[in-house]
Amino acid sequence: MPELHDTQRMTPEQLRLAGTLLFGQSWQTDFARAVDVDPRRVRQWLSGDRPIPVGLWLEIIELLKQNSRDTANYAQRLQENYDSIKDQISE
């Protein structure tokens, strides 16, 4: 298996943005739980003390896609609820 270079790994900045999009500003513990690692490991990835595993790319991509689907579905349900009552409420 060829050795990976740092340019082929997810950066701490990419991880930070993904974590924030998924779980908000205090994301590290929830993210660690979602990918089944100790929160200390997430902090080590962010500080650069440990490289971010290549396999994490696909886990994060799937989490982001699922989050997007869940968000879109919920927005649709809220829209349908609003549409059913909008004539009854005054703006």
# chains A, B, ... in the order shown; residues from 1 in each chain; ligands from 1
$ residues_around --residues "segment 34-51 of chain A" --least-positions-apart "6" --cutoff "12 Å" --atoms "only C-alpha atoms" --output "number ranges by chain"
A: 4-17, 19, 22-23, 26-28, 57-64
$ atom_distance --atom1 "atom CA of Ile52 of chain A" --atom2 "atom CA of Ala18 of chain A"
13.1 Å
$ atom_distance --atom1 "atom CA of Asp87 of chain A" --atom2 "atom CA of Asp70 of chain A"
27.3 Å
$ atom_distance --atom1 "atom CA of Tyr82 of chain A" --atom2 "atom CA of Gln66 of chain A"
24.1 Å
